[in-house]
>>> print(open('protein11.txt').read())   # compact mmCIF, C-alpha atoms
# COMPACT_ATOMS: atom_id res chain seq x y z
CA MET Y 1 -54.97 12.71 -38.02
CA ALA Y 2 -54.22 14.10 -41.47
CA GLU Y 3 -51.41 12.33 -43.29
CA ASN Y 4 -49.03 15.28 -43.36
CA GLU Y 5 -49.45 16.12 -39.68
CA GLY Y 6 -46.62 15.75 -37.19
CA ARG Y 7 -46.48 12.84 -34.79
CA ILE Y 8 -46.42 13.38 -31.05
CA THR Y 9 -44.31 11.05 -28.91
CA ILE Y 10 -44.11 11.06 -25.13
CA HIS Y 11 -40.72 9.88 -23.93
CA MET Y 12 -39.85 9.25 -20.32
CA ALA Y 13 -37.63 7.09 -18.18
CA ALA Y 14 -39.08 5.59 -15.03
CA SER Y 15 -38.22 3.32 -12.14
CA LEU Y 16 -39.71 -0.19 -12.27
CA ASP Y 17 -42.39 1.01 -9.84
CA GLY Y 18 -43.47 3.72 -12.28
CA TYR Y 19 -41.96 6.97 -11.00
CA ILE Y 20 -40.29 9.50 -13.28
CA ALA Y 21 -38.82 11.59 -10.46
CA ARG Y 22 -38.78 11.79 -6.69
CA ALA Y 23 -41.41 14.06 -5.12
CA ASP Y 24 -38.88 16.95 -5.18
CA GLY Y 25 -38.20 16.39 -8.90
CA SER Y 26 -34.78 14.79 -8.47
CA VAL Y 27 -33.60 12.00 -10.74
CA ASP Y 28 -30.37 10.91 -9.01
CA TRP Y 29 -31.72 7.33 -8.89
CA MET Y 30 -31.38 7.16 -12.68
CA GLU Y 31 -27.68 6.44 -12.33
CA THR Y 32 -28.03 2.71 -11.85
CA ALA Y 33 -25.09 0.31 -11.80
CA ASP Y 34 -26.66 -2.77 -13.37
CA GLU Y 35 -25.13 -4.81 -16.16
CA TYR Y 36 -27.26 -7.09 -18.31
CA ALA Y 37 -24.89 -9.21 -20.36
CA ALA Y 38 -27.54 -10.25 -22.91
CA GLY Y 39 -28.52 -6.62 -23.56
CA GLU Y 40 -27.83 -4.48 -26.63
CA GLU Y 41 -25.15 -1.80 -26.50
CA LEU Y 42 -26.49 1.74 -26.78
CA ASP Y 43 -24.50 2.90 -29.78
CA ALA Y 44 -23.49 6.60 -29.66
CA ASP Y 45 -23.85 7.08 -33.43
CA TYR Y 46 -27.31 5.57 -33.36
CA VAL Y 47 -28.31 7.85 -30.49
CA SER Y 48 -27.08 10.97 -32.25
CA ARG Y 49 -28.81 10.03 -35.54
CA PHE Y 50 -31.92 9.31 -33.52
CA LEU Y 51 -31.82 12.71 -31.77
CA GLU Y 52 -31.27 14.42 -35.14
CA GLY Y 53 -34.68 13.14 -36.21
CA ILE Y 54 -36.52 14.99 -33.44
CA ASP Y 55 -37.87 18.38 -34.58
CA CYS Y 56 -38.92 19.98 -31.31
CA TYR Y 57 -39.43 19.28 -27.63
CA LEU Y 58 -42.41 20.08 -25.44
CA MET Y 59 -42.19 20.03 -21.64
CA GLY Y 60 -43.75 21.22 -18.41
CA SER Y 61 -42.10 23.70 -16.06
CA GLY Y 62 -40.77 21.01 -13.69
CA THR Y 63 -38.97 19.18 -16.47
CA TYR Y 64 -37.50 22.47 -17.71
CA LEU Y 65 -36.21 23.33 -14.24
CA THR Y 66 -34.67 19.85 -13.96
CA ALA Y 67 -32.99 20.35 -17.36
CA LEU Y 68 -31.60 23.75 -16.21
CA ASP Y 69 -30.35 22.16 -13.02
CA PHE Y 70 -28.60 19.40 -15.01
CA GLU Y 71 -26.89 22.04 -17.10
CA LYS Y 72 -25.79 24.02 -14.04
CA ARG Y 73 -24.26 20.86 -12.59
CA GLY Y 74 -22.16 20.51 -15.76
CA LEU Y 75 -24.20 17.67 -17.27
CA GLY Y 76 -25.05 19.60 -20.43
CA TRP Y 77 -28.25 20.68 -22.16
CA ALA Y 78 -29.98 17.59 -23.55
CA TYR Y 79 -31.89 19.28 -26.40
CA GLY Y 80 -29.14 20.77 -28.59
CA ASP Y 81 -30.41 23.82 -30.49
CA LYS Y 82 -33.79 22.24 -31.20
CA PRO Y 83 -36.83 24.34 -30.27
CA VAL Y 84 -37.91 23.68 -26.69
CA LEU Y 85 -41.46 24.77 -25.85
CA VAL Y 86 -42.17 25.04 -22.14
CA LEU Y 87 -45.84 24.85 -21.14
CA THR Y 88 -46.15 27.13 -18.14
CA SER Y 89 -47.79 30.20 -16.73
CA ARG Y 90 -44.86 30.73 -14.32
CA ALA Y 91 -42.12 33.30 -14.96
CA LEU Y 92 -39.07 31.09 -15.48
CA GLU Y 93 -35.44 31.82 -16.36
CA HIS Y 94 -35.08 32.25 -20.11
CA SER Y 95 -31.85 30.31 -20.59
CA ARG Y 96 -31.41 30.37 -24.40
CA GLU Y 97 -33.01 31.46 -27.65
CA SER Y 98 -34.28 28.02 -28.55
CA VAL Y 99 -36.54 28.04 -25.46
CA THR Y 100 -40.00 29.65 -25.62
CA PHE Y 101 -42.74 29.77 -22.97
CA HIS Y 102 -46.37 29.03 -23.72
CA SER Y 103 -49.38 29.34 -21.48
CA GLU Y 104 -52.09 29.14 -24.12
CA ASP Y 105 -54.52 26.34 -24.78
CA LEU Y 106 -52.65 23.02 -25.21
CA GLN Y 107 -54.85 21.73 -28.01
CA GLY Y 108 -54.39 24.90 -30.08
CA LEU Y 109 -50.63 24.91 -29.58
CA LEU Y 110 -50.30 21.28 -30.61
CA LYS Y 111 -52.38 21.85 -33.72
CA GLN Y 112 -49.90 24.56 -34.73
CA LEU Y 113 -46.90 22.36 -33.92
CA ARG Y 114 -48.33 19.44 -35.88
CA GLY Y 115 -48.57 21.64 -38.95
CA ARG Y 116 -44.97 22.82 -38.58
CA TYR Y 117 -42.98 19.80 -37.32
CA ALA Y 118 -42.96 16.11 -38.25
CA ASN Y 119 -41.54 14.68 -35.05
CA ILE Y 120 -42.63 16.35 -31.81
CA TRP Y 121 -41.32 14.98 -28.51
CA VAL Y 122 -42.85 15.44 -25.10
CA ALA Y 123 -40.08 15.23 -22.52
CA GLY Y 124 -42.31 15.33 -19.39
CA GLY Y 125 -43.50 15.65 -16.80
CA GLY Y 126 -46.37 13.60 -15.48
CA LYS Y 127 -48.93 16.38 -15.44
CA LEU Y 128 -48.36 17.41 -19.07
CA ALA Y 129 -48.27 13.76 -20.20
CA GLY Y 130 -51.51 13.04 -18.32
CA ASN Y 131 -53.21 16.11 -19.82
CA MET Y 132 -52.14 15.19 -23.33
CA MET Y 133 -53.30 11.60 -22.94
CA ARG Y 134 -56.66 12.75 -21.57
CA LEU Y 135 -57.11 15.04 -24.57
CA GLY Y 136 -56.19 12.24 -27.01
CA LEU Y 137 -53.18 14.17 -28.33
CA VAL Y 138 -50.52 11.46 -28.21
CA ASP Y 139 -49.47 9.10 -31.02
CA GLU Y 140 -46.71 7.16 -29.36
CA ILE Y 141 -45.26 6.42 -25.92
CA ARG Y 142 -41.62 5.52 -25.33
CA TYR Y 143 -41.14 4.28 -21.83
CA SER Y 144 -37.71 3.29 -20.55
CA ILE Y 145 -37.58 1.26 -17.36
CA LEU Y 146 -34.51 1.51 -15.15
CA PRO Y 147 -33.54 -1.39 -12.86
CA VAL Y 148 -34.46 0.23 -9.55
CA LEU Y 149 -37.44 0.72 -7.22
CA ILE Y 150 -37.78 4.13 -5.55
CA GLY Y 151 -41.07 3.65 -3.65
CA LYS Y 152 -42.63 7.06 -4.16
CA GLY Y 153 -42.48 10.11 -6.39
CA ILE Y 154 -44.07 11.68 -9.45
CA SER Y 155 -46.04 9.26 -11.61
CA PHE Y 156 -45.67 9.06 -15.35
CA PHE Y 157 -49.28 9.93 -16.22
CA GLU Y 158 -50.96 12.03 -13.60
CA GLY Y 159 -54.73 12.30 -13.46
CA LEU Y 160 -55.69 9.92 -16.27
CA ASP Y 161 -59.36 9.13 -15.73
CA ASN Y 162 -59.94 6.54 -18.45
CA ASP Y 163 -58.19 3.38 -19.52
CA VAL Y 164 -56.01 3.88 -22.61
CA ALA Y 165 -55.36 0.82 -24.78
CA LEU Y 166 -51.82 0.56 -26.16
CA HIS Y 167 -50.20 -1.39 -28.96
CA LEU Y 168 -46.68 -2.69 -28.33
CA LEU Y 169 -44.40 -1.68 -31.20
CA LYS Y 170 -41.01 -2.68 -29.82
CA SER Y 171 -39.28 -3.98 -26.71
CA ARG Y 172 -35.52 -3.73 -26.25
CA ALA Y 173 -33.24 -4.55 -23.34
CA TYR Y 174 -29.89 -2.77 -23.02
CA ARG Y 175 -26.54 -3.65 -21.48
CA SER Y 176 -27.25 -1.11 -18.71
CA GLY Y 177 -30.27 -3.12 -17.54
CA MET Y 178 -32.62 -0.53 -19.04
CA VAL Y 179 -35.64 -1.88 -20.91
CA ALA Y 180 -37.03 0.43 -23.60
CA LEU Y 181 -40.66 -0.06 -24.60
CA ARG Y 182 -42.42 1.61 -27.48
CA TYR Y 183 -46.20 1.73 -27.83
CA ALA Y 184 -48.71 3.25 -30.24
CA VAL Y 185 -51.68 4.88 -28.53
CA ALA Y 186 -55.04 3.61 -29.77
CA ARG Y 187 -56.91 6.75 -30.95
CA MET B 1 -29.02 -16.81 2.55
CA ALA B 2 -27.97 -20.40 3.25
CA GLU B 3 -27.50 -22.51 0.14
CA ASN B 4 -30.33 -24.93 0.80
CA GLU B 5 -32.86 -22.23 1.58
CA GLY B 6 -35.87 -21.65 -0.63
CA ARG B 7 -36.04 -18.70 -3.00
CA ILE B 8 -38.77 -16.09 -2.77
CA THR B 9 -40.16 -14.61 -5.96
CA ILE B 10 -42.71 -11.82 -6.20
CA HIS B 11 -44.81 -12.17 -9.32
CA MET B 12 -47.32 -9.59 -10.48
CA ALA B 13 -48.87 -8.24 -13.62
CA ALA B 14 -49.31 -4.48 -13.94
CA SER B 15 -50.52 -1.80 -16.31
CA LEU B 16 -47.79 0.26 -18.01
CA ASP B 17 -48.48 2.99 -15.44
CA GLY B 18 -47.67 0.59 -12.61
CA TYR B 19 -50.99 -0.50 -11.14
CA ILE B 20 -51.74 -4.12 -10.25
CA ALA B 21 -55.48 -3.55 -9.69
CA ARG B 22 -58.03 -0.76 -9.66
CA ALA B 23 -58.73 0.84 -6.29
CA ASP B 24 -61.59 -1.67 -5.73
CA GLY B 25 -59.27 -4.62 -6.49
CA SER B 26 -60.69 -5.39 -9.94
CA VAL B 27 -58.47 -6.60 -12.76
CA ASP B 28 -60.87 -6.49 -15.72
CA TRP B 29 -58.35 -4.28 -17.59
CA MET B 30 -55.97 -7.26 -17.81
CA GLU B 31 -57.96 -8.62 -20.76
CA THR B 32 -56.18 -6.54 -23.38
CA ALA B 33 -56.68 -7.04 -27.11
CA ASP B 34 -53.20 -6.20 -28.39
CA GLU B 35 -51.23 -8.29 -30.84
CA TYR B 36 -47.46 -7.94 -31.13
CA ALA B 37 -46.40 -9.87 -34.22
CA ALA B 38 -42.72 -10.07 -33.22
CA GLY B 39 -43.59 -11.51 -29.79
CA GLU B 40 -43.09 -15.03 -28.50
CA GLU B 41 -46.06 -17.37 -28.21
CA LEU B 42 -46.91 -18.33 -24.64
CA ASP B 43 -46.71 -22.12 -24.96
CA ALA B 44 -49.26 -24.00 -22.80
CA ASP B 45 -46.86 -26.89 -22.08
CA TYR B 46 -44.17 -24.48 -20.99
CA VAL B 47 -46.61 -22.68 -18.70
CA SER B 48 -47.76 -25.89 -17.07
CA ARG B 49 -44.17 -27.16 -16.55
CA PHE B 50 -43.32 -23.75 -15.16
CA LEU B 51 -46.24 -23.79 -12.69
CA GLU B 52 -45.25 -27.34 -11.64
CA GLY B 53 -41.97 -25.91 -10.39
CA ILE B 54 -43.64 -23.59 -7.87
CA ASP B 55 -43.87 -25.14 -4.39
CA CYS B 56 -46.20 -22.76 -2.59
CA TYR B 57 -47.94 -19.40 -2.90
CA LEU B 58 -48.07 -16.55 -0.44
CA MET B 59 -50.63 -13.75 -0.74
CA GLY B 60 -52.44 -10.97 1.09
CA SER B 61 -56.17 -11.01 1.81
CA GLY B 62 -57.08 -8.80 -1.15
CA THR B 63 -55.37 -11.10 -3.63
CA TYR B 64 -57.07 -14.12 -2.04
CA LEU B 65 -60.50 -12.48 -2.33
CA THR B 66 -59.78 -11.65 -5.98
CA ALA B 67 -58.80 -15.30 -6.59
CA LEU B 68 -62.04 -16.50 -4.95
CA ASP B 69 -64.03 -14.05 -7.08
CA PHE B 70 -62.33 -15.37 -10.23
CA GLU B 71 -63.30 -18.90 -9.28
CA LYS B 72 -66.92 -17.92 -8.58
CA ARG B 73 -67.10 -16.34 -12.02
CA GLY B 74 -66.07 -19.67 -13.56
CA LEU B 75 -62.48 -18.62 -14.32
CA GLY B 76 -60.91 -21.38 -12.21
CA TRP B 77 -58.52 -21.49 -9.26
CA ALA B 78 -55.07 -20.42 -10.43
CA TYR B 79 -53.00 -22.30 -7.81
CA GLY B 80 -53.93 -25.97 -8.41
CA ASP B 81 -53.52 -28.01 -5.21
CA LYS B 82 -50.32 -26.20 -4.19
CA PRO B 83 -50.28 -24.78 -0.66
CA VAL B 84 -51.63 -21.23 -0.57
CA LEU B 85 -50.73 -19.22 2.54
CA VAL B 86 -52.86 -16.13 3.08
CA LEU B 87 -51.33 -13.45 5.30
CA THR B 88 -54.27 -11.92 7.13
CA SER B 89 -55.82 -11.26 10.50
CA ARG B 90 -59.30 -11.13 8.92
CA ALA B 91 -61.76 -14.06 9.12
CA LEU B 92 -62.04 -15.11 5.47
CA GLU B 93 -63.89 -17.90 3.69
CA HIS B 94 -61.87 -21.12 3.90
CA SER B 95 -62.41 -22.33 0.34
CA ARG B 96 -60.24 -25.48 0.22
CA GLU B 97 -57.78 -27.61 2.20
CA SER B 98 -54.71 -26.24 0.43
CA VAL B 99 -55.44 -22.75 1.82
CA THR B 100 -54.20 -21.76 5.28
CA PHE B 101 -54.41 -18.40 7.06
CA HIS B 102 -51.49 -16.82 8.88
CA SER B 103 -51.41 -13.72 11.00
CA GLU B 104 -48.05 -14.27 12.68
CA ASP B 105 -44.84 -12.42 12.14
CA LEU B 106 -43.93 -12.36 8.42
CA GLN B 107 -40.21 -12.87 8.97
CA GLY B 108 -40.74 -15.95 11.13
CA LEU B 109 -43.21 -17.48 8.69
CA LEU B 110 -40.87 -16.97 5.75
CA LYS B 111 -37.99 -18.53 7.61
CA GLN B 112 -40.12 -21.65 8.10
CA LEU B 113 -41.22 -21.66 4.46
CA ARG B 114 -37.66 -21.27 3.24
CA GLY B 115 -36.67 -24.38 5.16
CA ARG B 116 -39.52 -26.39 3.70
CA TYR B 117 -39.91 -25.22 0.08
CA ALA B 118 -37.46 -24.47 -2.71
CA ASN B 119 -39.59 -22.14 -4.81
CA ILE B 120 -41.91 -19.79 -2.94
CA TRP B 121 -44.10 -17.39 -4.93
CA VAL B 122 -45.68 -14.22 -3.69
CA ALA B 123 -48.82 -13.56 -5.74
CA GLY B 124 -49.64 -10.10 -4.30
CA GLY B 125 -50.77 -7.62 -3.41
CA GLY B 126 -48.97 -4.34 -3.13
CA LYS B 127 -48.96 -4.12 0.65
CA LEU B 128 -47.45 -7.58 1.18
CA ALA B 129 -44.93 -7.03 -1.62
CA GLY B 130 -43.94 -3.67 -0.12
CA ASN B 131 -43.56 -5.17 3.36
CA MET B 132 -41.41 -8.02 2.08
CA MET B 133 -39.19 -5.67 0.08
CA ARG B 134 -38.76 -3.40 3.10
CA LEU B 135 -37.73 -6.37 5.22
CA GLY B 136 -35.24 -7.57 2.56
CA LEU B 137 -37.06 -10.90 2.15
CA VAL B 138 -37.28 -11.07 -1.65
CA ASP B 139 -34.85 -12.80 -4.04
CA GLU B 140 -36.52 -12.16 -7.36
CA ILE B 141 -39.18 -9.98 -8.97
CA ARG B 142 -41.16 -11.02 -12.02
CA TYR B 143 -43.07 -8.10 -13.39
CA SER B 144 -45.35 -8.48 -16.41
CA ILE B 145 -46.45 -5.29 -18.14
CA LEU B 146 -49.75 -5.27 -20.00
CA PRO B 147 -50.31 -2.85 -22.90
CA VAL B 148 -52.76 -0.51 -21.18
CA LEU B 149 -52.82 2.58 -18.94
CA ILE B 150 -55.45 2.66 -16.18
CA GLY B 151 -54.59 5.97 -14.49
CA LYS B 152 -55.09 5.03 -10.86
CA GLY B 153 -55.28 2.02 -8.56
CA ILE B 154 -53.20 -0.15 -6.24
CA SER B 155 -49.45 0.18 -6.74
CA PHE B 156 -47.11 -2.77 -7.02
CA PHE B 157 -44.96 -1.95 -4.00
CA GLU B 158 -46.78 0.06 -1.40
CA GLY B 159 -44.87 1.95 1.23
CA LEU B 160 -41.30 1.28 0.14
CA ASP B 161 -39.15 3.87 1.88
CA ASN B 162 -35.74 3.14 0.39
CA ASP B 163 -34.43 2.70 -3.12
CA VAL B 164 -33.92 -0.95 -4.06
CA ALA B 165 -31.33 -1.72 -6.74
CA LEU B 166 -32.31 -4.47 -9.18
CA HIS B 167 -30.41 -6.65 -11.62
CA LEU B 168 -32.18 -7.43 -14.90
CA LEU B 169 -32.15 -11.20 -15.54
CA LYS B 170 -34.45 -11.48 -18.53
CA SER B 171 -36.77 -9.45 -20.72
CA ARG B 172 -39.34 -11.12 -22.99
CA ALA B 173 -42.10 -9.74 -25.17
CA TYR B 174 -45.10 -11.92 -26.00
CA ARG B 175 -47.56 -12.09 -28.88
CA SER B 176 -50.25 -10.64 -26.58
CA GLY B 177 -48.26 -7.42 -26.18
CA MET B 178 -47.26 -8.38 -22.64
CA VAL B 179 -43.64 -7.72 -21.65
CA ALA B 180 -42.30 -9.99 -18.91
CA LEU B 181 -39.34 -8.70 -16.91
CA ARG B 182 -37.33 -10.69 -14.42
CA TYR B 183 -35.01 -9.06 -11.85
CA ALA B 184 -32.81 -10.24 -9.01
CA VAL B 185 -33.06 -8.08 -5.90
CA ALA B 186 -29.71 -6.81 -4.65
CA ARG B 187 -29.48 -8.08 -1.05
>>> encode(input="protein11.txt", output="structure tokens")
Amino acid sequence: MAENEGRITIHMAASLDGYIARADGSVDWMETADEYAAGEELDADYVSRFLEGIDCYLMGSGTYLTALDFEKRGLGWAYGDKPVLVLTSRALEHSRESVTFHSEDLQGLLKQLRGRYANIWVAGGGKLAGNMMRLGLVDEIRYSILPVLIGKGISFFEGLDNDVALHLLKSRAYRSGMVALRYAVAR
Amino acid sequence: MAENEGRITIHMAASLDGYIARADGSVDWMETADEYAAGEELDADYVSRFLEGIDCYLMGSGTYLTALDFEKRGLGWAYGDKPVLVLTSRALEHSRESVTFHSEDLQGLLKQLRGRYANIWVAGGGKLAGNMMRLGLVDEIRYSILPVLIGKGISFFEGLDNDVALHLLKSRAYRSGMVALRYAVAR
């Protein structure tokens, strides 16, 4: 990776048993009620500074539809006015100007994005994450574990066919019982 | 649960993508090479005192065969002379006196064990863990995450059909890049 190229981070939240959504895409189980007294508070200022630092979001069609559904239920649009690139060949609702649809070659698109943005976030889902890992296109994984088992659903990395060695960068436990792990991907 | 009844803990190590073994049962991927400078050292004295506190082990046939294979490859028998109860209806090699085979009703067996032992550990695999969770027989889960993705394999909890809420008790990151999580199971 050239020094001035953008970094690609995959960020997802999962149940302890490794699912990012139920089979139908729903994420209702994410509203857990745990309290871990020894955990850090998730500071709102920190979160908003953190989100400021993200330059664009990449996602698959399922994640986009989930985000639209959240918004329709009054839970807001999680990506502000940051560019959101949806990888899809489906004709989906074009909800706002910041959203663009892309069906071209993933490697070519990411090369472009890396030249333009410093901090590129992949918001899901499992298929896109698996594809990107297989193609060696990921620099960092942020994996947040919620205190619940859901038994079945969509896995974080679908269709990986090789082992991928990781390097733990940070582990943090929050008051909500969520554990946030950060790994560099060995490339 | 009566006050003087033994506690049941499920303990497993998994890849970040939630697999406890490859499809063929192998766990070669557990030998990761990561180093996390901010992590705690795993102190040998602590580990041996900790293992002393376990009164008996429960496992499925696959886990038992993996343990036998480890021993044959010169890697030792992980359970000392503690009682090891193997849940199986298969005719397996009886490797030592401390090992007994049980094919009876899981609930009945655990009731007996709870009367006899204070600290009962379930060493795997996914099917047994899933069954015990479904039957509401588990007090605590210890889940150690290794810094690697393996893409496919045997899941930690097979065949869970309900959500199970958890309460985070402890999160620890080690020098080896392993993150050890400890949860109470809401009962």
>>> residues_around(input="protein11.txt", residues="range 14-28 of chain B", least_positions_apart="4", cutoff="7 Å", atoms="all atoms listed in the file", output="list in words")
Asp17, Gly18 and Phe156 of chain Y; Ser144, Ile145, Leu146, Pro147, Val148, Leu149, Ile150, Gly151, Lys152, Gly153, Ile154, Ser155 and Phe156 of chain B
>>> closest_residue(input="protein11.txt", among="Y:Glu97, Y:Glu158, Y:Asp81, Y:Asp45", to="chain B", atoms="only C-alpha atoms")
Y:Glu158
>>> closest_residue(input="protein11.txt", among="Y:Ser95, Y:Ser89, Y:Thr63, Y:Asn119", to="Phe50 in chain Y", atoms="only C-alpha atoms")
Y:Asn119
>>> residues_around(input="protein11.txt", residues="Ala91 in chain B", least_positions_apart="2", cutoff="12 Å", atoms="all atoms listed in the file", output="JSON, numbers by chain")
{"B": [61, 65, 86, 87, 88, 89, 93, 94, 100, 101, 102, 103]}
>>> interface_residues(input="protein11.txt", of="chain B", to="chain Y", cutoff="10 Å", atoms="only C-alpha atoms", output="MDAnalysis selection string")
chainID B and resid 14:19 29 32:39 130 133 143 146:152 155:179 181 183:186
>>> atom_distance(input="protein11.txt", atom1="CA of Leu106 in chain Y", atom2="CA of Leu85 in chain Y")
11.3 Å
>>> residues_near_point(input="protein11.txt", point="(-38.5, 14.8, -35.7)", cutoff="8 Å", atoms="only C-alpha atoms", output="ChimeraX atom specification")
/Y:52-56,117-121
>>> write_last_selection(input="protein11.txt", atoms="C-alpha atoms", output="short mmCIF file (atom, residue, chain, number, x, y, z; two decimals), keeping the file's coordinate frame")
data_model
loop_
_atom_site.label_atom_id
_atom_site.label_comp_id
_atom_site.auth_asym_id
_atom_site.auth_seq_id
_atom_site.Cartn_x
_atom_site.Cartn_y
_atom_site.Cartn_z
CA GLU Y 52 -31.27 14.42 -35.14
CA GLY Y 53 -34.68 13.14 -36.21
CA ILE Y 54 -36.52 14.99 -33.44
CA ASP Y 55 -37.87 18.38 -34.58
CA CYS Y 56 -38.92 19.98 -31.31
CA TYR Y 117 -42.98 19.80 -37.32
CA ALA Y 118 -42.96 16.11 -38.25
CA ASN Y 119 -41.54 14.68 -35.05
CA ILE Y 120 -42.63 16.35 -31.81
CA TRP Y 121 -41.32 14.98 -28.51
#
>>> atom_distance(input="protein11.txt", atom1="CA of Lys82 in chain B", atom2="CA of Asp69 in chain B")
18.5 Å
>>> atom_distance(input="protein11.txt", atom1="CA of Leu75 in chain Y", atom2="CA of Glu31 in chain Y")
12.8 Å
>>> closest_residue(input="protein11.txt", among="B:Leu68, B:Glu40, B:Gly62, B:His11", to="Lys127 in chain B", atoms="only C-alpha atoms")
B:Gly62
>>> residues_around(input="protein11.txt", residues="Met59 in chain Y", least_positions_apart="4", cutoff="6 Å", atoms="only C-alpha atoms", output="PyMOL selection string")
chain Y and resi 86+122-124
>>> axis_aligned_box(input="protein11.txt", around="range 139-154 of chain Y", padding_each_side="3 Å", output="lines of an AutoDock Vina configuration file")
center_x = -41.5
center_y = 5.1
center_z = -17.3
size_x = 21.9
size_y = 19.1
size_z = 33.4
>>> build_atoms(input="protein11.txt", residues="range 63-74 of chain B", atoms="N, CA and C atoms", output="PDB file, keeping the file's coordinate frame")
ATOM      1  N   THR B  63     -55.671 -10.208  -2.508  1.00  0.00           N
ATOM      2  CA  THR B  63     -55.370 -11.100  -3.630  1.00  0.00           C
ATOM      3  C   THR B  63     -56.167 -12.403  -3.496  1.00  0.00           C
ATOM      4  N   TYR B  64     -56.288 -12.896  -2.265  1.00  0.00           N
ATOM      5  CA  TYR B  64     -57.070 -14.120  -2.040  1.00  0.00           C
ATOM      6  C   TYR B  64     -58.532 -13.894  -2.418  1.00  0.00           C
ATOM      7  N   LEU B  65     -59.095 -12.758  -2.001  1.00  0.00           N
ATOM      8  CA  LEU B  65     -60.500 -12.480  -2.330  1.00  0.00           C
ATOM      9  C   LEU B  65     -60.694 -12.347  -3.843  1.00  0.00           C
ATOM     10  N   THR B  66     -59.712 -11.746  -4.522  1.00  0.00           N
ATOM     11  CA  THR B  66     -59.780 -11.650  -5.980  1.00  0.00           C
ATOM     12  C   THR B  66     -59.750 -13.047  -6.607  1.00  0.00           C
ATOM     13  N   ALA B  67     -58.902 -13.930  -6.060  1.00  0.00           N
ATOM     14  CA  ALA B  67     -58.800 -15.300  -6.590  1.00  0.00           C
ATOM     15  C   ALA B  67     -60.121 -16.048  -6.385  1.00  0.00           C
ATOM     16  N   LEU B  68     -60.742 -15.861  -5.219  1.00  0.00           N
ATOM     17  CA  LEU B  68     -62.040 -16.500  -4.950  1.00  0.00           C
ATOM     18  C   LEU B  68     -63.097 -15.990  -5.932  1.00  0.00           C
ATOM     19  N   ASP B  69     -63.065 -14.677  -6.174  1.00  0.00           N
ATOM     20  CA  ASP B  69     -64.030 -14.050  -7.080  1.00  0.00           C
ATOM     21  C   ASP B  69     -63.868 -14.608  -8.494  1.00  0.00           C
ATOM     22  N   PHE B  70     -62.624 -14.762  -8.921  1.00  0.00           N
ATOM     23  CA  PHE B  70     -62.330 -15.370 -10.230  1.00  0.00           C
ATOM     24  C   PHE B  70     -62.993 -16.746 -10.319  1.00  0.00           C
ATOM     25  N   GLU B  71     -62.782 -17.532  -9.267  1.00  0.00           N
ATOM     26  CA  GLU B  71     -63.300 -18.900  -9.280  1.00  0.00           C
ATOM     27  C   GLU B  71     -64.822 -18.896  -9.356  1.00  0.00           C
ATOM     28  N   LYS B  72     -65.441 -17.990  -8.591  1.00  0.00           N
ATOM     29  CA  LYS B  72     -66.920 -17.920  -8.580  1.00  0.00           C
ATOM     30  C   LYS B  72     -67.466 -17.513  -9.940  1.00  0.00           C
ATOM     31  N   ARG B  73     -66.667 -16.757 -10.691  1.00  0.00           N
ATOM     32  CA  ARG B  73     -67.100 -16.340 -12.020  1.00  0.00           C
ATOM     33  C   ARG B  73     -66.741 -17.383 -13.084  1.00  0.00           C
ATOM     34  N   GLY B  74     -66.319 -18.570 -12.632  1.00  0.00           N
ATOM     35  CA  GLY B  74     -66.070 -19.670 -13.560  1.00  0.00           C
ATOM     36  C   GLY B  74     -64.695 -19.620 -14.220  1.00  0.00           C
TER      37      GLY B  74
END
